[in-house]
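Visitor: Contents of target_9.txt (compact mmCIF, C-alpha atoms) are below:
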```
# COMPACT_ATOMS: atom_id res chain seq x y z
CA MET A 22 11.07 -18.17 -23.46
CA GLY A 23 7.52 -18.96 -24.62
CA LEU A 24 4.80 -16.35 -24.68
CA ALA A 25 2.79 -18.23 -22.07
CA SER A 26 5.52 -17.69 -19.48
CA GLN A 27 5.84 -14.00 -20.27
CA ILE A 28 2.29 -12.68 -20.12
CA ILE A 29 0.19 -12.44 -16.95
CA SER A 30 -0.20 -16.16 -16.30
CA THR A 31 -2.51 -17.77 -13.80
CA GLY A 32 0.56 -19.37 -12.21
CA ASP A 33 0.47 -21.02 -8.81
CA ALA A 34 -2.41 -19.67 -6.75
CA ARG A 35 -0.36 -20.08 -3.59
CA GLU A 36 1.86 -17.20 -4.65
CA GLY A 37 -0.95 -14.83 -3.71
CA SER A 38 -2.43 -16.62 -0.75
CA ALA A 39 -2.46 -13.51 1.44
CA GLN A 40 -4.06 -11.18 -1.04
CA GLY A 41 -6.27 -13.53 -3.04
CA HIS A 42 -5.02 -12.35 -6.42
CA GLU A 43 -1.31 -11.75 -5.85
CA ALA A 44 -0.16 -14.19 -8.52
CA ASP A 45 -2.33 -12.69 -11.27
CA GLY A 46 -0.12 -10.06 -12.90
CA ALA A 47 3.10 -10.98 -11.15
CA ALA A 48 4.81 -12.49 -14.21
CA LEU A 49 7.43 -10.36 -15.94
CA ILE A 50 7.19 -9.73 -19.64
CA ASP A 51 10.43 -9.58 -21.61
CA GLU A 52 10.10 -6.66 -24.00
CA PHE A 53 12.92 -7.95 -26.18
CA THR A 54 11.55 -11.43 -26.87
CA LEU A 55 7.91 -10.70 -27.60
CA ASP A 56 6.31 -12.75 -30.32
CA VAL A 57 2.67 -13.24 -31.20
CA GLU A 58 0.98 -16.63 -31.38
CA THR A 59 -2.40 -17.26 -32.98
CA ARG A 60 -4.25 -20.07 -31.24
CA VAL A 61 -7.10 -21.81 -33.12
CA CYS A 62 -9.80 -23.20 -30.84
CA ASP A 63 -12.67 -25.41 -32.04
CA ILE A 64 -15.65 -25.38 -29.68
CA PRO A 65 -16.61 -28.92 -28.59
CA PRO A 66 -20.23 -30.02 -28.01
CA ALA A 67 -19.73 -29.88 -24.24
CA MET A 68 -19.19 -26.08 -24.46
CA HIS A 69 -22.29 -25.34 -26.55
CA GLY A 70 -24.01 -22.23 -25.19
CA TRP A 71 -21.14 -21.22 -22.91
CA ARG A 72 -20.01 -17.64 -22.39
CA ILE A 73 -16.98 -17.05 -24.53
CA ASP A 74 -14.76 -15.91 -21.64
CA ARG A 75 -15.56 -19.10 -19.73
CA ALA A 76 -14.78 -21.23 -22.79
CA LEU A 77 -11.50 -19.43 -23.44
CA ALA A 78 -10.43 -19.95 -19.83
CA GLN A 79 -10.91 -23.69 -20.37
CA LEU A 80 -9.38 -23.84 -23.84
CA ILE A 81 -6.33 -21.69 -23.00
CA PRO A 82 -5.82 -22.43 -19.30
CA GLU A 83 -2.25 -21.14 -19.07
CA PHE A 84 -3.51 -17.53 -19.15
CA SER A 85 -5.65 -15.69 -16.62
CA ARG A 86 -9.24 -14.89 -17.47
CA SER A 87 -8.56 -11.17 -17.01
CA TYR A 88 -5.81 -11.36 -19.66
CA LEU A 89 -8.12 -13.21 -22.08
CA GLN A 90 -10.88 -10.65 -21.50
CA GLN A 91 -8.41 -7.88 -22.26
CA LEU A 92 -7.53 -9.63 -25.53
CA MET A 93 -11.22 -9.64 -26.41
CA ALA A 94 -11.52 -5.93 -25.65
CA ASP A 95 -8.55 -5.34 -27.96
CA GLY A 96 -10.20 -7.26 -30.82
CA ALA A 97 -7.81 -10.21 -30.66
CA VAL A 98 -10.52 -12.92 -30.50
CA VAL A 99 -12.09 -13.50 -33.92
CA MET A 100 -14.80 -15.83 -35.21
CA ARG A 101 -15.64 -15.98 -38.93
CA GLY A 102 -13.74 -12.75 -39.52
CA VAL A 103 -15.57 -10.79 -36.79
CA ALA A 104 -13.90 -9.65 -33.56
CA LEU A 105 -15.81 -10.81 -30.46
CA ARG A 106 -15.45 -8.11 -27.80
CA LYS A 107 -18.14 -9.04 -25.27
CA PRO A 108 -17.11 -11.65 -22.67
CA ALA A 109 -20.77 -12.62 -22.18
CA ALA A 110 -21.26 -13.56 -25.85
CA ARG A 111 -22.46 -17.14 -26.30
CA ILE A 112 -20.79 -19.71 -28.52
CA ALA A 113 -22.02 -22.85 -30.23
CA ALA A 114 -20.56 -26.29 -30.80
CA GLY A 115 -18.49 -26.30 -33.97
CA ASP A 116 -17.57 -22.59 -33.79
CA ARG A 117 -13.91 -21.86 -34.49
CA LEU A 118 -12.14 -19.10 -32.61
CA GLU A 119 -8.87 -17.53 -33.63
CA VAL A 120 -7.14 -15.99 -30.63
CA GLU A 121 -4.13 -13.76 -31.15
CA LEU A 122 -2.04 -14.09 -27.99
CA ARG A 123 -0.27 -10.80 -27.84
CA PRO A 124 1.11 -8.53 -25.14
CA THR A 125 -1.52 -6.22 -23.71
CA GLN A 126 -0.86 -2.83 -22.20
CA GLN A 127 -1.07 -4.49 -18.80
CA ALA A 128 1.47 -7.15 -19.72
CA GLN A 129 3.91 -4.58 -21.03
CA ALA A 130 3.67 -2.77 -17.71
CA PHE A 131 5.83 -5.39 -15.99
CA VAL A 132 9.19 -4.17 -17.30
CA PRO A 133 12.19 -2.71 -15.45
CA GLN A 134 12.49 1.07 -15.40
CA ALA A 135 15.41 2.62 -13.56
CA MET A 136 14.44 5.22 -10.97
CA ALA A 137 16.02 6.80 -7.93
CA LEU A 138 14.68 4.95 -4.89
CA ASP A 139 14.93 6.64 -1.49
CA ILE A 140 16.28 3.62 0.40
CA VAL A 141 16.04 3.63 4.21
CA PHE A 142 17.30 0.07 4.75
CA GLU A 143 18.43 -2.78 2.53
CA ASP A 144 19.92 -6.24 2.88
CA ALA A 145 19.63 -9.47 0.91
CA ASP A 146 16.01 -10.09 2.00
CA LEU A 147 14.43 -6.79 2.98
CA LEU A 148 14.10 -3.35 1.47
CA VAL A 149 12.54 -0.37 3.25
CA ILE A 150 11.96 2.70 1.11
CA HIS A 151 10.53 6.16 1.55
CA LYS A 152 7.85 6.59 -1.11
CA PRO A 153 7.33 10.17 -2.23
CA ALA A 154 3.84 11.53 -2.77
CA GLY A 155 2.86 11.16 -6.42
CA LEU A 156 4.54 7.80 -7.03
CA VAL A 157 2.13 5.00 -7.98
CA VAL A 158 3.02 1.70 -6.32
CA HIS A 159 1.65 -0.83 -8.82
CA PRO A 160 0.70 -0.56 -12.52
CA ALA A 161 -3.00 0.05 -13.10
CA ALA A 162 -5.29 1.85 -15.50
CA GLY A 163 -3.81 5.24 -16.32
CA HIS A 164 -0.45 4.36 -14.75
CA TRP A 165 1.03 1.46 -16.68
CA THR A 166 4.64 2.68 -16.38
CA GLY A 167 6.81 4.68 -14.01
CA THR A 168 5.54 2.86 -10.93
CA LEU A 169 7.43 1.62 -7.90
CA LEU A 170 7.06 -1.93 -9.22
CA ASN A 171 8.88 -0.89 -12.41
CA GLY A 172 11.62 0.66 -10.32
CA LEU A 173 12.00 -2.47 -8.17
CA LEU A 174 12.36 -4.65 -11.26
CA ALA A 175 15.29 -2.47 -12.30
CA HIS A 176 16.75 -2.26 -8.78
CA HIS A 177 17.54 -5.96 -8.33
CA THR A 178 17.25 -8.98 -10.62
CA GLY A 179 15.47 -11.15 -8.05
CA ALA A 180 12.37 -8.91 -8.16
CA ALA A 181 11.31 -10.50 -11.46
CA SER A 182 10.67 -13.85 -9.77
CA LEU A 183 8.64 -12.46 -6.87
CA PRO A 184 4.89 -11.76 -6.66
CA ARG A 185 4.42 -8.04 -7.36
CA ALA A 186 8.21 -7.67 -7.38
CA GLY A 187 8.21 -8.14 -3.61
CA ILE A 188 5.60 -5.48 -2.75
CA VAL A 189 3.68 -6.70 0.30
CA HIS A 190 1.54 -3.64 1.07
CA ARG A 191 0.67 -0.38 -0.64
CA LEU A 192 0.46 3.33 -0.08
CA ASP A 193 -1.95 5.46 -2.09
CA LYS A 194 -0.38 7.48 -4.89
CA ASP A 195 -0.54 10.74 -2.93
CA THR A 196 0.45 9.27 0.44
CA SER A 197 4.11 9.56 1.36
CA GLY A 198 6.26 7.51 3.69
CA LEU A 199 7.71 4.14 4.60
CA MET A 200 7.07 0.95 2.66
CA LEU A 201 8.27 -2.63 3.13
CA VAL A 202 9.44 -4.73 0.19
CA GLY A 203 10.64 -8.32 0.26
CA LYS A 204 13.70 -9.23 -1.82
CA SER A 205 13.48 -13.01 -1.52
CA ARG A 206 10.53 -15.36 -1.72
CA GLN A 207 11.07 -16.49 1.88
CA ALA A 208 11.04 -12.86 3.04
CA VAL A 209 7.94 -11.99 1.01
CA GLU A 210 6.01 -14.92 2.45
CA ALA A 211 7.13 -14.09 6.00
CA LEU A 212 6.18 -10.41 5.62
CA VAL A 213 2.75 -11.27 4.22
CA ARG A 214 2.13 -13.60 7.18
CA ALA A 215 3.34 -10.98 9.66
CA ILE A 216 1.08 -8.27 8.22
CA ALA A 217 -1.90 -10.63 8.21
CA ALA A 218 -1.16 -11.53 11.85
CA ARG A 219 -0.90 -7.82 12.74
CA GLU A 220 2.72 -8.22 13.79
CA VAL A 221 3.91 -5.26 11.70
CA ASN A 222 3.26 -1.97 13.51
CA ARG A 223 2.39 0.74 10.98
CA GLN A 224 1.88 4.30 12.20
CA TYR A 225 0.79 7.26 10.09
CA LEU A 226 0.65 11.01 10.62
CA ALA A 227 -2.42 12.82 9.36
CA LEU A 228 -3.49 16.46 9.33
CA ALA A 229 -7.26 16.66 9.50
CA HIS A 230 -10.02 19.25 9.48
CA GLY A 231 -11.92 20.24 12.60
CA ARG A 232 -11.51 20.56 16.35
CA TRP A 233 -10.91 17.16 17.94
CA GLN A 234 -13.78 15.89 20.07
CA GLY A 235 -13.90 13.12 22.66
CA PHE A 236 -11.10 10.97 24.01
CA VAL A 237 -7.49 11.70 23.10
CA GLU A 238 -7.22 8.15 21.74
CA GLN A 239 -10.09 6.51 19.89
CA GLY A 240 -10.50 3.13 18.22
CA VAL A 241 -12.47 2.91 14.99
CA ASP A 242 -13.86 -0.54 14.19
CA GLN A 243 -16.01 0.02 11.11
CA PRO A 244 -16.17 -2.19 7.99
CA ILE A 245 -15.15 -0.64 4.69
CA GLY A 246 -16.55 -1.39 1.24
CA ARG A 247 -17.07 0.23 -2.12
CA ASP A 248 -19.22 3.39 -2.02
CA VAL A 249 -22.43 2.51 -3.86
CA HIS A 250 -22.87 6.13 -4.94
CA ASN A 251 -19.33 6.68 -6.23
CA ARG A 252 -17.25 3.73 -7.47
CA LEU A 253 -14.04 5.73 -7.07
CA ARG A 254 -14.55 5.95 -3.32
CA MET A 255 -14.64 3.56 -0.40
CA ALA A 256 -17.03 4.04 2.51
CA VAL A 257 -17.98 2.76 5.94
CA VAL A 258 -20.79 0.25 5.35
CA ARG A 259 -23.29 -1.46 7.62
CA PRO A 260 -21.98 -4.79 8.95
CA GLU A 261 -25.20 -6.53 7.95
CA SER A 262 -24.84 -5.40 4.32
CA GLY A 263 -22.23 -8.06 3.64
CA THR A 264 -20.45 -5.70 1.23
CA GLY A 265 -17.60 -4.57 3.48
CA LYS A 266 -14.48 -5.96 5.09
CA ALA A 267 -13.52 -5.57 8.73
CA ALA A 268 -11.31 -2.53 9.32
CA GLN A 269 -9.75 -1.28 12.55
CA THR A 270 -7.75 1.90 13.13
CA THR A 271 -6.55 3.50 16.36
CA VAL A 272 -6.38 7.30 16.21
CA ARG A 273 -4.54 9.47 18.75
CA LEU A 274 -4.65 13.25 18.98
CA LEU A 275 -1.17 14.81 19.01
CA GLU A 276 -2.04 18.49 18.78
CA GLY A 277 -5.01 20.53 17.66
CA SER A 278 -6.74 23.87 17.31
CA ASP A 279 -10.25 25.05 16.52
CA GLN A 280 -9.67 24.42 12.80
CA VAL A 281 -7.38 21.43 12.50
CA CYS A 282 -5.91 18.45 14.31
CA LEU A 283 -2.69 16.51 13.94
CA VAL A 284 -3.25 12.81 14.68
CA ALA A 285 -1.29 9.57 14.70
CA CYS A 286 -3.10 6.59 13.18
CA LYS A 287 -2.19 2.97 13.81
CA LEU A 288 -3.43 0.43 11.27
CA HIS A 289 -4.64 -2.95 12.47
CA THR A 290 -5.96 -3.93 9.04
CA GLY A 291 -5.03 -2.74 5.57
CA ARG A 292 -8.15 -1.83 3.61
CA THR A 293 -8.13 0.47 0.61
CA HIS A 294 -8.12 4.14 1.75
CA GLN A 295 -8.67 2.92 5.34
CA ILE A 296 -7.33 5.93 7.26
CA ARG A 297 -8.92 8.39 4.86
CA VAL A 298 -12.32 6.68 5.16
CA HIS A 299 -12.21 6.26 8.95
CA MET A 300 -11.10 9.86 9.51
CA ALA A 301 -13.94 11.11 7.30
CA TRP A 302 -16.34 8.88 9.27
CA LEU A 303 -15.09 10.62 12.45
CA ASP A 304 -15.97 13.96 10.78
CA HIS A 305 -12.28 14.76 10.42
CA PRO A 306 -11.52 14.43 6.69
CA LEU A 307 -7.87 14.86 5.85
CA VAL A 308 -6.65 18.24 4.69
CA GLY A 309 -6.31 18.16 0.90
CA ASP A 310 -8.32 14.94 0.52
CA THR A 311 -11.03 16.18 -1.81
CA LEU A 312 -12.26 12.63 -2.52
CA TYR A 313 -13.42 12.27 1.10
CA GLY A 314 -14.54 15.79 1.92
CA GLY A 315 -11.24 17.50 2.68
CA ARG A 316 -10.19 20.87 1.32
CA PRO A 317 -6.84 22.07 -0.03
CA LEU A 318 -5.44 24.41 2.62
CA TRP A 319 -2.06 25.67 3.80
CA GLY A 320 -0.41 24.56 0.59
CA MET A 321 -1.58 20.93 0.81
CA THR A 322 -2.84 19.83 -2.61
CA ARG A 323 -2.84 16.11 -1.75
CA GLN A 324 -4.17 14.22 1.25
CA ALA A 325 -2.09 15.14 4.32
CA LEU A 326 -1.09 11.57 5.16
CA HIS A 327 2.40 10.21 5.81
CA ALA A 328 3.57 6.70 6.79
CA ALA A 329 5.89 7.79 9.58
CA ARG A 330 6.78 4.68 11.61
CA LEU A 331 7.35 0.97 11.08
CA LYS A 332 8.19 -1.65 13.68
CA LEU A 333 8.65 -5.31 12.77
CA ARG A 334 10.79 -8.37 13.19
CA HIS A 335 13.17 -8.98 10.31
CA PRO A 336 11.51 -11.67 8.17
CA ILE A 337 14.64 -13.86 8.16
CA THR A 338 16.80 -12.98 11.19
CA GLY A 339 13.99 -12.14 13.61
CA GLU A 340 15.78 -8.95 14.71
CA THR A 341 13.47 -6.16 15.89
CA LEU A 342 13.61 -3.23 13.48
CA VAL A 343 12.19 0.25 13.94
CA PHE A 344 12.13 2.83 11.14
CA ARG A 345 11.10 6.49 11.33
CA SER A 346 10.42 9.01 8.60
CA THR A 347 10.02 12.76 9.03
CA PRO A 348 7.04 14.15 7.09
CA PRO A 349 7.90 15.77 3.75
CA GLN A 350 8.18 19.50 3.38
CA ASP A 351 4.61 20.10 2.20
CA MET A 352 3.17 18.58 5.40
CA LEU A 353 5.68 20.31 7.65
CA ALA A 354 4.89 23.64 5.99
CA ALA A 355 1.14 23.03 6.36
CA MET A 356 1.56 22.27 10.08
CA ALA A 357 3.54 25.45 10.57
CA ALA A 358 1.02 27.50 8.59
CA CYS A 359 -1.89 26.35 10.76
CA GLY A 360 0.03 26.81 14.02
CA LEU A 361 0.81 23.17 14.85
CA ARG A 362 4.23 21.74 15.72
CA TYR A 363 5.83 18.51 14.63
CA ASN A 364 7.38 16.87 17.68
CA GLU A 365 9.08 13.56 16.88
CA PRO A 366 9.35 12.15 20.43
CA ARG A 367 5.67 12.78 21.03
CA VAL A 368 4.72 11.15 17.75
CA ASP A 369 6.91 8.15 18.57
CA SER A 370 5.54 7.45 22.03
CA GLY A 371 3.13 4.64 22.73
CA PHE A 372 2.08 3.30 19.36
CA LEU A 373 5.35 1.57 18.60
CA GLU A 374 5.45 -0.32 21.87
```
Any chance you could give the structure as structure tokens?
Guide:
Amino acid sequence: MGLASQIISTGDAREGSAQGHEADGAALIDEFTLDVETRVCDIPPAMHGWRIDRALAQLIPEFSRSYLQQLMADGAVVMRGVALRKPAARIAAGDRLEVELRPTQQAQAFVPQAMALDIVFEDADLLVIHKPAGLVVHPAAGHWTGTLLNGLLAHHTGAASLPRAGIVHRLDKDTSGLMLVGKSRQAVEALVRAIAAREVNRQYLALAHGRWQGFVEQGVDQPIGRDVHNRLRMAVVRPESGTGKAAQTTVRLLEGSDQVCLVACKLHTGRTHQIRVHMAWLDHPLVGDTLYGGRPLWGMTRQALHAARLKLRHPITGETLVFRSTPPQDMLAAMAACGLRYNEPRVDSGFLE
């Protein structure tokens, strides 16, 4: 196996049609067959004055630009004995670049790691798991190993040939609950289409601060984008700003008191931190969600959010499937401590229809 097929390749853009960048990072790196290739690139007159990252993307097209930029940051792109680390650096005709194509930390993240998966349902095409709070779904900065993706690569051999090992949607690290995973390419593509068409019913339980005001059921239709004041956060943004994406959530009160409310949230879109952002916008930040104004109370040290219900048609057979997940012990204990009751039939009514 050549290095080009092992390290985050640009691949076929259609593999990530639903997410825009699904294919980038989906290739599996074989930790036992790693070798390093040094590529020598002479800059032609047509590239005189180009940014170096743009030139590299043209000269070494089998790799993604993000991978090549990471090589630069690691000092693997050298000209006249000097490492070029800035992607915006300009090059001249006749320059010679020596590029050491080597596995980056990101590339090495895509390796199998055995872990105990809490499997709710499994067949040849579909896997439904219960993700515990604390488990990262996909490798990223600070969490290159020990993720759900690593566990899926170890769980079945077909995961290595699928975009993101079959992961079609995410839960935040500290959100617990049900997740869908495709086990075949046909199933992954069908699930991505179904989610985009809003044919997968996803219902969450959330414990939030404050006495509930207004209608028992409320729809939130507010675009979400990056918070300009804090790049770690998302925020509701003005539609005219052009910086956000459409986001819709339906929120239903299940039970409440003067201090806290237990709500069911139905996602219609899947933006980053969507429920957390919309609940904070309603002045009901989630208990334990310090990023969005919540406070740790009643033993909750993470956001009190649990993916409790899924309803969908099987991506291959078309059979209607409904899955339910009882909240983990920390949320149940927090509800009891603040005087609220978990009632499964009440949670289940309405939203899954």
Visitor: So how many Å separate atom CA of A:Asn222 and atom CA of A:Val284, to one decimal?
Guide: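 If I compute the distance from atom CA of A:Asn222 to atom CA of A:Val284, I get 16.2 Å.
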Visitor: Using only C-alpha atoms, determine which residues lie at most 9 Å from stretch 198-215 of chain A, disregarding the query and same-chain residues fewer than 4 positions distant; provide the list as a PyMOL selection string.
Guide: chain A and resi 36+38-40+141+144-154+177+179-180+182-184+186-192+219-221+223+225+326-331+333-337+344-349
Visitor: Quick one: residues within 10 Å of stretch 73-81 of chain A, all atoms listed in the file, excluding same-chain residues fewer than 6 positions away - as JSON, numbers by chain?
Guide: {"A": [25, 60, 61, 62, 63, 64, 65, 87, 88, 89, 90, 93, 98, 105, 106, 107, 108, 109, 110, 111, 112, 113, 118, 120]}
Visitor: What lies within 12 Å of A:Leu353 using only C-alpha atoms, ignoring chain neighbours under 6 positions off, as a PyMOL selection string?
Guide: chain A and resi 226-228+283+319-321+325-327+347+359-365
Visitor: So, counting all atoms listed in the file, which residue among A:Arg123, A:Arg86, A:Arg185, A:Lys266 is closest to A:Arg292?
Guide: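 Using all atoms listed in the file, the shortest distance to A:Arg292 belongs to A:Lys266.
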Visitor: Give me, please, the distance in Å between atom CA of A:Leu303 and atom CA of A:Thr271, quoted to one decimal.
Guide: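 Atom-to-atom, atom CA of A:Leu303 and atom CA of A:Thr271 are spaced 11.8 Å apart.
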Visitor: Work out how far atom CA of A:Thr166 is from atom CA of A:Ala181, in Å to one decimal.
Guide: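 Interatomic distance, atom CA of A:Ala181 to atom CA of A:Thr166: 15.6 Å.
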Visitor: Point out the residue among A:Val237, A:Leu92, A:Ala114, A:Val103 with the least atom-to-atom distance to A:Ala67, counting all atoms listed in the file.
Guide: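 Ranking A:Val237, A:Leu92, A:Ala114, A:Val103 by distance to A:Ala67, first place goes to A:Ala114.
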Visitor: Starting from the point (-16.1, 14.3, 12.4), work out which residues of protein, DNA or RNA have an atom no more than 9 Å away when counting only C-alpha atoms; state them as an MDAnalysis selection string.
Guide: chainID A and resid 230:234 300:306
Visitor: Contacts of A:Trp165 at 9 Å or less, counting all atoms listed in the file, minus same-chain residues fewer than 5 places along, as a PDB file with C-alpha atoms, keeping the file's coordinate frame?
Guide:
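Full text of out_34.pdb as output:
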```
ATOM      1  CA  GLN A 126      -0.860  -2.830 -22.200  1.00  0.00           C
ATOM      2  CA  GLN A 127      -1.070  -4.490 -18.800  1.00  0.00           C
ATOM      3  CA  GLN A 129       3.910  -4.580 -21.030  1.00  0.00           C
ATOM      4  CA  ALA A 130       3.670  -2.770 -17.710  1.00  0.00           C
ATOM      5  CA  PHE A 131       5.830  -5.390 -15.990  1.00  0.00           C
ATOM      6  CA  HIS A 159       1.650  -0.830  -8.820  1.00  0.00           C
ATOM      7  CA  PRO A 160       0.700  -0.560 -12.520  1.00  0.00           C
TER       8      PRO A 160
END
```
